[in-house]
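Undergrad: Dropping in input-v8.cif, which is mmCIF, C-alpha atoms and all ligand atoms:
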```
data_coords
#
loop_
_atom_site.label_atom_id
_atom_site.label_comp_id
_atom_site.auth_asym_id
_atom_site.auth_seq_id
_atom_site.Cartn_x
_atom_site.Cartn_y
_atom_site.Cartn_z
CA MET A 1 102.51 73.92 63.11
CA GLN A 2 105.88 74.22 64.77
CA LEU A 3 106.04 76.85 67.51
CA SER A 4 109.25 78.64 68.41
CA GLN A 5 111.70 77.07 70.83
CA ARG A 6 111.57 80.25 72.84
CA ILE A 7 107.88 80.00 73.61
CA THR A 8 107.60 76.23 73.99
CA GLN A 9 110.47 76.14 76.48
CA ILE A 10 109.42 78.95 78.79
CA THR A 11 108.43 76.57 81.59
CA GLY A 12 111.48 74.37 81.09
CA GLY A 13 109.29 71.22 81.10
CA GLY A 14 108.86 68.74 83.97
CA SER A 15 106.96 69.28 87.23
CA ASP A 16 106.85 72.88 88.36
CA GLY A 17 106.34 71.86 92.00
CA TRP A 18 102.89 73.43 92.08
CA ASP A 19 100.98 70.11 92.35
CA VAL A 20 99.90 70.80 95.95
CA PHE A 21 98.53 74.18 94.93
CA TYR A 22 96.47 72.71 92.08
CA LYS A 23 95.26 69.88 94.32
CA ALA A 24 94.03 72.46 96.88
CA ARG A 25 92.20 74.32 94.12
CA ARG A 26 90.52 71.06 93.00
CA MET A 27 89.44 70.32 96.59
CA ILE A 28 87.93 73.83 96.87
CA ALA A 29 86.07 73.27 93.59
CA GLU A 30 84.65 70.08 95.12
CA GLY A 31 83.30 72.11 98.04
CA ILE A 32 85.97 71.28 100.65
CA ASP A 33 86.80 74.13 103.06
CA VAL A 34 90.55 74.50 102.48
CA THR A 35 92.63 77.12 104.34
CA GLU A 36 94.79 78.51 101.55
CA LEU A 37 98.19 79.76 102.70
CA THR A 38 99.60 79.57 99.19
CA ILE A 39 99.78 82.61 96.94
CA GLY A 40 100.88 86.17 97.62
CA GLU A 41 97.59 87.98 97.50
CA HIS A 42 96.13 90.10 100.33
CA ASP A 43 92.88 89.05 102.00
CA ILE A 44 91.76 92.70 101.73
CA ARG A 45 90.80 94.36 98.44
CA THR A 46 92.03 97.64 96.92
CA ASP A 47 91.19 100.60 99.19
CA PRO A 48 87.84 102.27 98.29
CA THR A 49 89.50 105.72 98.04
CA ILE A 50 91.80 104.36 95.31
CA LEU A 51 88.78 102.92 93.49
CA THR A 52 86.98 106.28 93.74
CA ALA A 53 89.99 108.00 92.15
CA MET A 54 90.05 105.32 89.41
CA ASP A 55 86.35 105.79 88.72
CA ALA A 56 86.63 109.60 88.64
CA SER A 57 89.54 109.41 86.19
CA ALA A 58 87.79 106.94 83.87
CA ARG A 59 84.54 108.95 83.91
CA GLY A 60 86.57 112.10 83.40
CA GLY A 61 87.65 110.66 80.07
CA HIS A 62 91.04 109.10 80.83
CA THR A 63 90.13 105.90 78.96
CA GLY A 64 92.05 106.48 75.73
CA TYR A 65 95.65 105.51 74.98
CA ALA A 66 97.90 106.80 77.73
CA MET A 67 101.47 107.97 77.14
CA VAL A 68 103.56 104.83 76.55
CA PRO A 69 106.31 105.65 79.13
CA GLY A 70 103.62 106.45 81.71
CA THR A 71 101.81 109.69 82.49
CA GLN A 72 104.07 112.54 83.53
CA GLU A 73 102.33 112.62 86.95
CA MET A 74 102.90 108.91 87.59
CA ARG A 75 106.52 108.91 86.40
CA LYS A 76 107.20 111.91 88.64
CA ALA A 77 105.36 110.35 91.60
CA VAL A 78 107.46 107.18 91.34
CA ALA A 79 110.70 109.18 90.90
CA THR A 80 109.93 111.31 93.96
CA ARG A 81 109.05 108.26 96.04
CA ILE A 82 112.30 106.52 95.09
CA GLN A 83 114.47 109.60 95.65
CA GLU A 84 112.88 110.27 99.05
CA ARG A 85 113.35 106.68 100.18
CA THR A 86 116.80 105.99 98.80
CA GLY A 87 118.53 109.35 98.39
CA VAL A 88 119.49 108.43 94.80
CA PRO A 89 118.82 111.38 92.44
CA THR A 90 115.87 110.20 90.31
CA THR A 91 113.72 112.04 87.77
CA TYR A 92 110.85 110.95 85.57
CA GLU A 93 113.46 110.16 82.87
CA ASN A 94 114.66 107.29 85.04
CA ILE A 95 111.19 105.73 85.18
CA LEU A 96 109.10 103.54 82.87
CA ILE A 97 105.60 102.65 84.07
CA THR A 98 104.76 99.01 83.30
CA PRO A 99 101.73 96.72 83.57
CA GLY A 100 102.89 95.23 86.90
CA GLY A 101 106.22 94.04 88.23
CA GLN A 102 106.11 90.84 86.16
CA SER A 103 106.24 92.65 82.82
CA ALA A 104 108.96 94.90 84.30
CA LEU A 105 111.01 91.78 85.10
CA PHE A 106 110.64 90.60 81.52
CA ALA A 107 111.48 94.01 80.04
CA ALA A 108 114.49 94.45 82.33
CA HIS A 109 115.92 91.14 81.13
CA VAL A 110 115.31 92.13 77.50
CA ALA A 111 117.34 95.27 78.23
CA ALA A 112 120.16 93.41 79.99
CA CYS A 113 120.51 90.16 78.04
CA SER A 114 121.12 89.28 74.40
CA PRO A 115 119.91 85.88 73.15
CA GLY A 116 122.06 83.11 74.58
CA ASP A 117 123.49 85.25 77.41
CA THR A 118 123.63 83.81 80.91
CA ALA A 119 121.26 85.44 83.41
CA LEU A 120 121.91 84.66 87.08
CA TYR A 121 119.26 84.43 89.79
CA ILE A 122 119.11 83.28 93.39
CA ASP A 123 117.59 79.98 94.57
CA PRO A 124 115.03 79.77 96.24
CA TYR A 125 113.29 82.06 93.80
CA TYR A 126 109.94 83.57 92.86
CA ALA A 127 108.30 81.02 90.59
CA THR A 128 108.42 82.99 87.32
CA TYR A 129 112.13 83.91 87.36
CA PRO A 130 113.64 81.12 85.24
CA GLY A 131 110.73 81.24 82.78
CA THR A 132 111.06 85.02 82.42
CA ILE A 133 114.73 84.59 81.58
CA ARG A 134 114.01 81.79 79.08
CA GLY A 135 111.26 83.95 77.61
CA VAL A 136 113.77 86.60 76.55
CA GLY A 137 116.04 83.96 75.03
CA ALA A 138 118.67 84.04 77.78
CA VAL A 139 119.92 81.07 79.80
CA PRO A 140 118.91 80.95 83.49
CA VAL A 141 121.60 79.90 85.95
CA ALA A 142 120.61 79.54 89.62
CA ILE A 143 122.88 80.36 92.57
CA GLN A 144 122.19 78.23 95.63
CA THR A 145 121.77 79.63 99.13
CA GLU A 146 121.54 77.91 102.51
CA ALA A 147 118.87 77.78 105.19
CA SER A 148 121.66 78.01 107.81
CA ASN A 149 122.52 81.46 106.39
CA ALA A 150 118.82 82.49 106.25
CA PHE A 151 119.07 82.12 102.45
CA GLN A 152 121.23 85.26 102.15
CA PRO A 153 123.34 84.80 98.98
CA ARG A 154 127.12 84.85 99.42
CA ALA A 155 129.28 87.02 97.16
CA LYS A 156 131.73 84.18 96.52
CA ASP A 157 128.95 81.95 95.15
CA ILE A 158 127.70 84.71 92.84
CA ALA A 159 131.26 85.44 91.69
CA ALA A 160 131.81 81.72 90.96
CA ALA A 161 128.65 81.65 88.81
CA ALA A 162 129.65 84.84 86.99
CA VAL A 163 133.15 83.64 86.17
CA ASN A 164 132.17 82.07 82.85
CA GLY A 165 130.52 85.26 81.67
CA ALA A 166 127.04 86.44 82.54
CA ALA A 167 125.01 89.47 81.51
CA SER A 168 122.81 89.99 84.55
CA LEU A 169 122.03 89.07 88.12
CA LEU A 170 118.47 89.12 89.48
CA VAL A 171 117.99 89.61 93.24
CA ASN A 172 114.88 90.05 95.36
CA SER A 173 114.78 91.65 98.81
CA PRO A 174 112.54 91.50 100.83
CA ASN A 175 112.46 87.99 99.47
CA ASN A 176 109.71 85.80 98.18
CA PRO A 177 109.63 82.91 99.16
CA THR A 178 111.99 83.12 102.18
CA GLY A 179 110.91 86.34 103.95
CA THR A 180 114.60 87.27 104.22
CA VAL A 181 115.71 90.90 103.93
CA TYR A 182 119.22 91.13 102.51
CA ASN A 183 121.61 92.76 104.98
CA ALA A 184 124.34 95.34 104.23
CA GLU A 185 127.04 92.67 103.87
CA THR A 186 124.94 90.74 101.33
CA MET A 187 124.08 93.85 99.32
CA ASP A 188 127.69 95.12 99.35
CA GLY A 189 128.82 91.69 98.14
CA ILE A 190 126.23 91.66 95.36
CA ALA A 191 127.25 95.16 94.26
CA SER A 192 130.96 94.36 94.15
CA VAL A 193 130.42 91.17 92.11
CA CYS A 194 128.30 93.19 89.65
CA ARG A 195 130.94 95.91 89.32
CA GLU A 196 133.82 93.45 89.01
CA ASN A 197 132.07 91.27 86.41
CA ASP A 198 130.30 94.07 84.56
CA LEU A 199 126.83 92.65 85.28
CA TRP A 200 123.48 94.37 85.08
CA LEU A 201 121.77 94.07 88.44
CA ILE A 202 118.01 93.58 88.27
CA SER A 203 116.68 94.33 91.74
CA ASP A 204 113.11 93.14 92.37
CA GLU A 205 111.86 95.35 95.21
CA VAL A 206 108.11 94.73 94.99
CA TYR A 207 107.95 93.99 98.75
CA ASP A 208 109.82 97.15 99.81
CA THR A 209 106.95 98.33 102.06
CA GLN A 210 106.82 95.02 103.94
CA VAL A 211 109.84 95.07 106.23
CA TRP A 212 109.38 93.82 109.80
CA ASP A 213 113.00 93.59 110.95
CA GLY A 214 116.04 95.60 109.85
CA SER A 215 115.71 97.93 106.88
CA HIS A 216 115.36 97.64 103.15
CA ILE A 217 118.56 98.45 101.27
CA THR A 218 118.29 99.21 97.59
CA PRO A 219 121.49 98.24 95.75
CA ARG A 220 120.89 101.15 93.35
CA ALA A 221 122.08 103.44 96.18
CA LEU A 222 125.45 101.69 96.55
CA PRO A 223 128.60 103.22 94.96
CA ASP A 224 128.58 103.22 91.14
CA MET A 225 125.49 101.00 91.06
CA ALA A 226 122.84 103.44 89.73
CA GLU A 227 124.37 103.14 86.25
CA ARG A 228 124.04 99.33 86.17
CA THR A 229 120.89 98.67 88.21
CA LEU A 230 117.33 98.24 86.99
CA VAL A 231 114.92 98.34 89.92
CA VAL A 232 111.58 96.56 89.51
CA GLY A 233 108.73 98.02 91.56
CA SER A 234 105.00 97.46 91.78
CA MET A 235 101.83 98.65 93.49
CA SER A 236 100.52 95.08 93.73
CA LYS A 237 101.84 94.34 97.20
CA SER A 238 102.27 97.86 98.63
CA HIS A 239 98.72 98.97 97.80
CA ALA A 240 96.79 95.70 97.35
CA MET A 241 96.44 96.51 93.65
CA THR A 242 97.39 93.11 92.23
CA GLY A 243 94.61 93.14 89.62
CA SER A 244 95.30 96.70 88.46
CA ARG A 245 98.61 95.64 86.89
CA ILE A 246 100.80 98.63 87.59
CA GLY A 247 104.52 98.69 88.30
CA TRP A 248 107.70 100.30 87.04
CA ILE A 249 111.36 100.03 86.15
CA ALA A 250 113.79 102.59 87.58
CA GLY A 251 117.17 102.80 85.88
CA PRO A 252 119.60 104.89 83.84
CA ALA A 253 117.81 107.30 81.44
CA GLU A 254 119.44 105.71 78.40
CA ALA A 255 118.21 102.24 79.35
CA ILE A 256 114.75 103.67 80.04
CA ASN A 257 114.70 105.24 76.54
CA HIS A 258 115.32 101.83 74.98
CA LEU A 259 112.77 100.24 77.30
CA ILE A 260 110.21 102.80 76.10
CA ASN A 261 110.82 101.47 72.58
CA LEU A 262 110.18 97.95 73.86
CA ALA A 263 106.95 99.10 75.56
CA THR A 264 105.83 100.79 72.33
CA HIS A 265 106.15 97.44 70.57
CA THR A 266 104.65 95.27 73.30
CA THR A 267 102.37 96.67 76.02
CA TYR A 268 101.70 100.13 74.58
CA GLY A 269 101.46 101.49 78.09
CA VAL A 270 99.23 101.23 81.13
CA PRO A 271 95.62 102.54 81.29
CA GLY A 272 95.51 106.21 82.31
CA TYR A 273 92.77 105.71 84.91
CA ILE A 274 94.90 103.07 86.65
CA GLN A 275 97.87 105.46 86.69
CA ASP A 276 95.70 108.28 88.07
CA ALA A 277 94.47 105.96 90.82
CA ALA A 278 98.09 105.04 91.59
CA VAL A 279 99.10 108.72 91.83
CA HIS A 280 96.20 109.22 94.25
CA ALA A 281 97.38 106.20 96.27
CA PHE A 282 100.92 107.59 96.55
CA ALA A 283 99.51 110.94 97.67
CA GLN A 284 98.08 109.18 100.76
CA GLY A 285 101.69 108.69 101.91
CA THR A 286 102.99 105.89 104.08
CA ASP A 287 99.88 105.77 106.31
CA LEU A 288 97.96 103.83 103.67
CA GLU A 289 100.94 101.55 102.93
CA ASP A 290 101.33 100.84 106.67
CA GLU A 291 97.64 100.07 106.96
CA ILE A 292 97.84 97.63 104.05
CA SER A 293 100.90 95.82 105.41
CA ALA A 294 99.70 95.82 109.07
CA PRO A 295 97.89 92.43 108.89
CA PHE A 296 101.10 90.68 107.79
CA ARG A 297 103.09 92.35 110.57
CA ARG A 298 100.44 91.18 113.09
CA ARG A 299 100.28 87.61 111.77
CA ARG A 300 104.06 87.32 111.82
CA THR A 301 103.91 88.05 115.56
CA ILE A 302 101.13 85.48 116.00
CA ALA A 303 103.27 82.91 114.17
CA ARG A 304 106.39 83.68 116.16
CA ASP A 305 104.49 83.23 119.43
CA ILE A 306 103.15 79.83 118.33
CA LEU A 307 106.50 78.66 116.96
CA ALA A 308 108.42 79.79 120.07
CA LYS A 309 106.61 77.15 122.15
CA GLN A 310 108.13 74.17 120.31
CA ASN A 311 111.27 73.16 118.45
CA THR A 312 110.06 70.77 115.76
CA VAL A 313 109.24 73.44 113.16
CA GLY A 314 111.98 76.03 112.57
CA LEU A 315 111.38 79.58 111.34
CA ILE A 316 113.67 81.37 108.92
CA PRO A 317 113.77 84.86 110.52
CA ALA A 318 110.79 86.26 108.51
CA GLN A 319 112.13 89.80 108.29
CA GLY A 320 109.85 90.92 105.47
CA ALA A 321 107.23 90.13 102.81
CA MET A 322 103.98 88.26 103.39
CA TYR A 323 105.46 84.77 103.82
CA LEU A 324 107.03 82.52 106.43
CA MET A 325 109.56 79.88 105.41
CA LEU A 326 109.31 76.96 107.82
CA ASP A 327 111.89 74.22 108.27
CA ILE A 328 110.04 70.91 108.66
CA ARG A 329 113.05 68.61 108.23
CA ALA A 330 112.55 67.24 111.77
CA THR A 331 109.49 65.39 110.46
CA GLY A 332 111.70 63.35 108.12
CA LEU A 333 109.51 64.39 105.18
CA SER A 334 110.31 66.50 102.14
CA GLY A 335 108.50 69.83 101.84
CA GLU A 336 106.28 68.31 99.19
CA GLU A 337 105.40 65.26 101.32
CA PHE A 338 104.66 67.43 104.34
CA ALA A 339 102.52 69.89 102.35
CA ASN A 340 100.54 67.00 100.86
CA SER A 341 100.05 65.36 104.23
CA LEU A 342 98.90 68.67 105.81
CA LEU A 343 96.47 69.25 102.96
CA ASP A 344 95.07 65.71 103.02
CA THR A 345 94.76 65.49 106.80
CA HIS A 346 93.81 69.02 107.83
CA HIS A 347 92.80 70.80 104.60
CA ILE A 348 95.54 73.41 104.99
CA ALA A 349 97.35 74.33 101.77
CA THR A 350 100.96 75.56 101.85
CA MET A 351 103.70 75.67 99.20
CA PRO A 352 106.51 73.07 99.34
CA GLY A 353 109.97 74.68 99.42
CA GLU A 354 110.75 72.51 96.38
CA SER A 355 108.37 74.72 94.34
CA PHE A 356 110.99 77.45 94.52
CA GLY A 357 114.09 75.55 93.40
CA THR A 358 116.35 73.21 95.33
CA SER A 359 117.79 75.34 98.18
CA ALA A 360 114.54 75.32 100.19
CA ALA A 361 113.96 71.54 100.05
CA GLY A 362 112.63 70.28 103.39
CA HIS A 363 110.83 73.58 103.99
CA ILE A 364 107.35 74.92 103.31
CA ARG A 365 106.26 78.46 102.55
CA VAL A 366 103.25 79.80 104.41
CA ALA A 367 101.51 82.88 103.02
CA MET A 368 100.02 85.00 105.83
CA THR A 369 96.98 85.77 103.75
CA VAL A 370 93.94 84.64 105.76
CA ASP A 371 92.33 86.42 108.72
CA ASP A 372 94.13 86.37 112.08
CA LYS A 373 91.97 83.74 113.78
CA ARG A 374 92.02 81.34 110.87
CA PHE A 375 95.77 81.93 110.43
CA SER A 376 96.50 81.29 114.09
CA ASP A 377 94.41 78.08 114.14
CA ALA A 378 96.00 76.83 110.91
CA LEU A 379 99.52 77.48 112.16
CA GLN A 380 98.85 75.69 115.46
CA THR A 381 97.42 72.72 113.53
CA LEU A 382 100.45 72.73 111.23
CA VAL A 383 102.82 72.64 114.21
CA ASP A 384 100.84 69.87 115.96
CA HIS A 385 100.85 67.87 112.71
CA ALA A 386 104.63 68.24 112.41
CA ILE A 387 105.11 67.14 116.05
CA THR A 388 102.89 64.07 115.49
CA LEU A 389 104.88 63.12 112.39
CA SER A 390 108.26 63.68 114.04
CA VAL A 391 107.57 61.25 116.92
CA GLN A 392 106.32 58.45 114.66
C1 LIG B 401 109.09 88.56 94.05
C2 LIG B 401 107.99 88.98 93.15
N1 LIG B 401 108.29 89.73 92.08
C3 LIG B 401 107.34 90.13 91.22
C4 LIG B 401 106.03 89.77 91.39
C5 LIG B 401 105.03 90.22 90.36
O1 LIG B 401 104.14 91.11 90.90
P1 LIG B 401 103.19 92.01 89.98
O2 LIG B 401 103.38 91.61 88.57
O3 LIG B 401 101.81 91.76 90.47
O4 LIG B 401 103.65 93.40 90.24
C6 LIG B 401 105.66 88.97 92.48
C7 LIG B 401 104.26 88.53 92.68
O5 LIG B 401 103.94 87.72 93.50
C8 LIG B 401 106.67 88.57 93.39
O6 LIG B 401 106.39 87.81 94.46
#
```
As a first step, turn the structure in this file into structure tokens.
Ligand SMILES: Cc1ncc(COP(=O)(O)O)c(C=O)c1O
TA:
Amino acid sequence: MQLSQRITQITGGGSDGWDVFYKARRMIAEGIDVTELTIGEHDIRTDPTILTAMDASARGGHTGYAMVPGTQEMRKAVATRIQERTGVPTTYENILITPGGQSALFAAHVAACSPGDTALYIDPYYATYPGTIRGVGAVPVAIQTEASNAFQPRAKDIAAAAVNGAASLLVNSPNNPTGTVYNAETMDGIASVCRENDLWLISDEVYDTQVWDGSHITPRALPDMAERTLVVGSMSKSHAMTGSRIGWIAGPAEAINHLINLATHTTYGVPGYIQDAAVHAFAQGTDLEDEISAPFRRRRTIARDILAKQNTVGLIPAQGAMYLMLDIRATGLSGEEFANSLLDTHHIATMPGESFGTSAAGHIRVAMTVDDKRFSDALQTLVDHAITLSVQ
């Protein structure tokens, strides 16, 4: 039976650049001790106090259908958090609770794009972006960035891509995969291109609690942007709740009303006991968030100390998120060749920059998601391997 074009073309066909990742998983299945510095998942689990709140809620009976837009408590908790952090007036009417940031990304594009519309995004990008856009029937168009500019997008490049008509622009700061935090100039440029070209801005801020250098700017707070910005948030990274699948969209009340209709016809909401646990997690304030992000902050310092002692492997500033983007062009290898060679020789798995588009070719992404000692040893081995290759 023929399946729809929309579903069969989500991945776009061809290699998705994740071969090294799958090879590492096969090696692990064969019993090989691989150090996995690949995906964005904490090496700690969800905090026991959050699990206790989840258990109490479920046993208290909150296991039936929850309100589709989210419980009133959770919508209010997210609105308060956003208003306190950004100063943008936000009420529960600006919030839809979603099963994770990924479904929020999909829903936001449904809201912003009609079938056939162009949807812009920045390269290098989080792996699901182009597929999410194809999944809603829009056409993904990537905007290149440069390592020499720490992968900060330039307004003129976005404007050039928007010139033929586009419905939306998707940005992500703090950024996965580059670890870059967009500065004020970048965000102002993004906002003016959106205003001038009448674009929806979809701002993926799932790493907003992981900022090591500078500060997180939400474009929703910039002049006249609240009316055209859909912010995607999540508790996956901030509270190590990846498996709980809870996130949100913050945006204009009218857009949220339509998005509630979409949720009614797709997800039908998020389990009430997960939302109650999330409200409990927010009530712990920033102390818990800081505790959860502390290992990444520490490992970034470990990495910077190791990398400072040599000049074969370059570090993109690593201002935020749980990743390091390393420039390995001095080895003469592509990111994919280097990642394969590191995996084969030393059983250390990283992601080739080529897995995230074309702008980060010749780089690898290292997730800081193993314990400090193992991370430090792996990074030193990686550097030594690059130095060996570069002198051959
Ligand atoms: C940039 C970015 N956005 C969104 C997500 C989706 O996160 P979740 O669906 O777990 O909230 C991820 C997950 O890795 C991510 O890295």
Undergrad: Please determine, counting only C-alpha atoms, which residue among A:Gln310, A:Thr52, A:Gln2, A:Thr178 has the shortest atom-to-atom distance to A:Met351.
TA: A:Thr178
Undergrad: If we count all atoms listed in the file and set the cut-off at 8 Å, which residues sit around A:Ala278, ignoring sequence neighbours fewer than 4 positions away in its own chain? Please answer as a list of chain:residue names.
TA: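 Listing them by chain and then by number gives A:Ile50, A:Met74, A:Met235, A:Ile274, A:Phe282.
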Undergrad: All residues within 6 Å of ligand LIG 401 (chain B) are required, counting all atoms listed in the file; please report them as a ChimeraX atom specification.
TA: /A:40,100-102,126,176,204,206,234,236,242,247
Undergrad: List the neighbours of A:His385 out to 9 Å using all atoms listed in the file; skip same-chain residues closer than 2 positions along the sequence, and give me the result as a list of chain:residue names.
TA: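 The contact residues come out as A:Ser341, A:Leu342, A:Thr345, A:His346, A:Gln380, A:Thr381, A:Leu382, A:Val383, A:Ile387, A:Thr388, A:Leu389, A:Ser390.
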Undergrad: In terms of the shortest atom-to-atom distance over only C-alpha atoms, which of A:Val193, A:Ile348, A:Ala240, A:Val136 is closest to A:Ile28?
TA: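 The closest residue to A:Ile28 is A:Ile348.
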Undergrad: Taking every listed atom of stretch 289-307 of chain A and adding 3 Å to each side, what centre and edge lengths in Å (one decimal) does the axis-aligned box have, as lines of an AutoDock Vina configuration file?
TA:
```
center_x = 102.1
center_y = 90.1
center_z = 111.2
size_x = 14.9
size_y = 28.9
size_z = 22.5
```
Undergrad: How many Å separate atom CA of A:Thr35 from atom CA of A:Ala378?
TA: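 Result for atom CA of A:Thr35 versus atom CA of A:Ala378: 7.4 Å, one decimal.
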Undergrad: Measuring between only C-alpha atoms, which one of A:Tyr273, A:Val391, A:Glu205, A:Ala308 shows the shortest distance to A:Gly64?
TA: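 Of the candidates, the smallest distance to A:Gly64 is held by A:Tyr273.
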Undergrad: Report as JSON lines the residues of stretch 314-379 of chain A within 12 Å of stretch 213-230 of chain A, each with its shortest atom pair and distance in Å (one decimal), using all atoms listed in the file, ordered by chain and increasing residue number.
TA:
```
{"residue": "A:Pro317", "atom": "CA", "partner": "A:Asp213", "partner_atom": "CA", "distance": 8.8}
{"residue": "A:Ala318", "atom": "CA", "partner": "A:Asp213", "partner_atom": "CA", "distance": 8.0}
{"residue": "A:Gln319", "atom": "CA", "partner": "A:Asp213", "partner_atom": "CA", "distance": 4.7}
{"residue": "A:Gly320", "atom": "CA", "partner": "A:Asp213", "partner_atom": "CA", "distance": 6.9}
{"residue": "A:Ala321", "atom": "CA", "partner": "A:Asp213", "partner_atom": "CA", "distance": 10.6}
```
Undergrad: Using all atoms listed in the file, which residues sit within 8 Å of A:Ile190 once same-chain residues fewer than 3 positions away are excluded, as a list in words?
TA: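 Here the answer would be Arg154, Ala155, Ile158, Thr186, Met187, Val193 and Cys194 of chain A.
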Undergrad: As a CSV table (one decimal), keeping the file's coordinate frame, could you write out stretch 45-64 of chain A once it has been completed with N, CA and C atoms?
TA:
```csv
chain,number,residue,atom,x,y,z
A,45,ARG,N,90.8,93.9,99.8
A,45,ARG,CA,90.8,94.4,98.4
A,45,ARG,C,91.4,95.8,98.4
A,46,THR,N,91.5,96.3,97.1
A,46,THR,CA,92.0,97.6,96.9
A,46,THR,C,91.2,98.7,97.7
A,47,ASP,N,91.9,99.6,98.3
A,47,ASP,CA,91.2,100.6,99.2
A,47,ASP,C,90.1,101.4,98.4
A,48,PRO,N,88.9,101.6,99.0
A,48,PRO,CA,87.8,102.3,98.3
A,48,PRO,C,88.2,103.7,97.8
A,49,THR,N,89.1,104.4,98.5
A,49,THR,CA,89.5,105.7,98.0
A,49,THR,C,90.3,105.6,96.7
A,50,ILE,N,91.1,104.5,96.6
A,50,ILE,CA,91.8,104.4,95.3
A,50,ILE,C,90.8,104.1,94.2
A,51,LEU,N,89.8,103.3,94.5
A,51,LEU,CA,88.8,102.9,93.5
A,51,LEU,C,88.0,104.2,93.1
A,52,THR,N,87.7,105.0,94.0
A,52,THR,CA,87.0,106.3,93.7
A,52,THR,C,87.8,107.1,92.8
A,53,ALA,N,89.1,107.2,93.0
A,53,ALA,CA,90.0,108.0,92.2
A,53,ALA,C,90.0,107.4,90.7
A,54,MET,N,90.0,106.0,90.7
A,54,MET,CA,90.0,105.3,89.4
A,54,MET,C,88.8,105.6,88.6
A,55,ASP,N,87.7,105.6,89.3
A,55,ASP,CA,86.4,105.8,88.7
A,55,ASP,C,86.3,107.2,88.2
A,56,ALA,N,86.7,108.2,89.0
A,56,ALA,CA,86.6,109.6,88.6
A,56,ALA,C,87.5,109.8,87.4
A,57,SER,N,88.7,109.2,87.3
A,57,SER,CA,89.5,109.4,86.2
A,57,SER,C,88.9,108.8,84.9
A,58,ALA,N,88.4,107.6,85.0
A,58,ALA,CA,87.8,106.9,83.9
A,58,ALA,C,86.6,107.8,83.4
A,59,ARG,N,85.7,108.2,84.3
A,59,ARG,CA,84.5,109.0,83.9
A,59,ARG,C,84.9,110.3,83.4
A,60,GLY,N,86.1,110.8,83.9
A,60,GLY,CA,86.6,112.1,83.4
A,60,GLY,C,87.2,112.0,82.0
A,61,GLY,N,87.2,110.8,81.5
A,61,GLY,CA,87.6,110.7,80.1
A,61,GLY,C,89.0,110.0,79.9
A,62,HIS,N,89.7,109.6,81.0
A,62,HIS,CA,91.0,109.1,80.8
A,62,HIS,C,91.0,107.6,80.4
A,63,THR,N,90.3,107.3,79.4
A,63,THR,CA,90.1,105.9,79.0
A,63,THR,C,90.8,105.6,77.6
A,64,GLY,N,91.4,106.7,77.0
A,64,GLY,CA,92.0,106.5,75.7
A,64,GLY,C,93.5,106.0,75.9
```
